[in-house]
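Trainee: Handing you this structure, nothing more for now.
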Amino acid sequence: MSIKLYYTTVTASREVKSQQAEVIRILDSKSIKYELIDISVGGAVRDEMRNKSGNPTAIPPQIFNEDQYCGNYEMFSEAVEADTVEQFLKIA
């Protein structure tokens with residue numbers, strides 16, 4: 001299984017940019033391999049992210065293990081605080 005991080009390279013939101021950078025930094029620091037999927041390449045990719053997450057208004061970053069939804073930034077952040085990132089990512 002592989003971790004997939006839906007993100008965007010095109011956003012005016014500092015919050016989204018910051019959250020994406022934080023997720024990437026933490027995954028890198030834990031040597032967790034992941035695939036970046038840029039939703040700014042087209043509406044179909046954004047719609048795929050939203051459909052898979054079950055949230056029609058979901059914004060990046062959204063995290064999956066293959067097609068299994070793990071959560072959004074807030075959920076990831078809570079897992080970091082609780083030191084349960086591997087369980088959150090379903091790789092434990």
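In the structure tokens, chains take the letters A, B, ... in the order shown, each chain's residues start at 1, and ligands count up from 1 in the order shown.
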Name the residues in contact with Thr57 (chain A) at a cut-off of 10 Å, using only C-alpha atoms, excluding same-chain residues fewer than 5 positions from it; report them as a list in words.
Mentor: Arg46, Asp47, Met49, Arg50 and Asn51 of chain A
Trainee: Fewer than 2 positions away in the same chain doesn't count, so skip those; otherwise give me all residues within 12 Å of Leu27 (chain A), counting only C-alpha atoms, as JSON, numbers by chain.
Mentor: {"A": [3, 4, 5, 20, 21, 22, 23, 24, 25, 29, 30, 31, 32, 33, 34, 35, 36, 63, 76, 77, 80, 85, 86, 89]}
Trainee: For Gln19 (chain A), find every residue with an atom within 9 Å (counting only C-alpha atoms), except residues of its own chain fewer than 3 positions away, and show them as a PyMOL selection string.
Mentor: chain A and resi 14-16+22-24+60-61+73-74
Trainee: Quote the spacing between CA of Met75 (chain A) and CA of Gln62 (chain A) in Å to one decimal place.
Mentor: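 CA of Gln62 (chain A) lies 9.7 Å from CA of Met75 (chain A).
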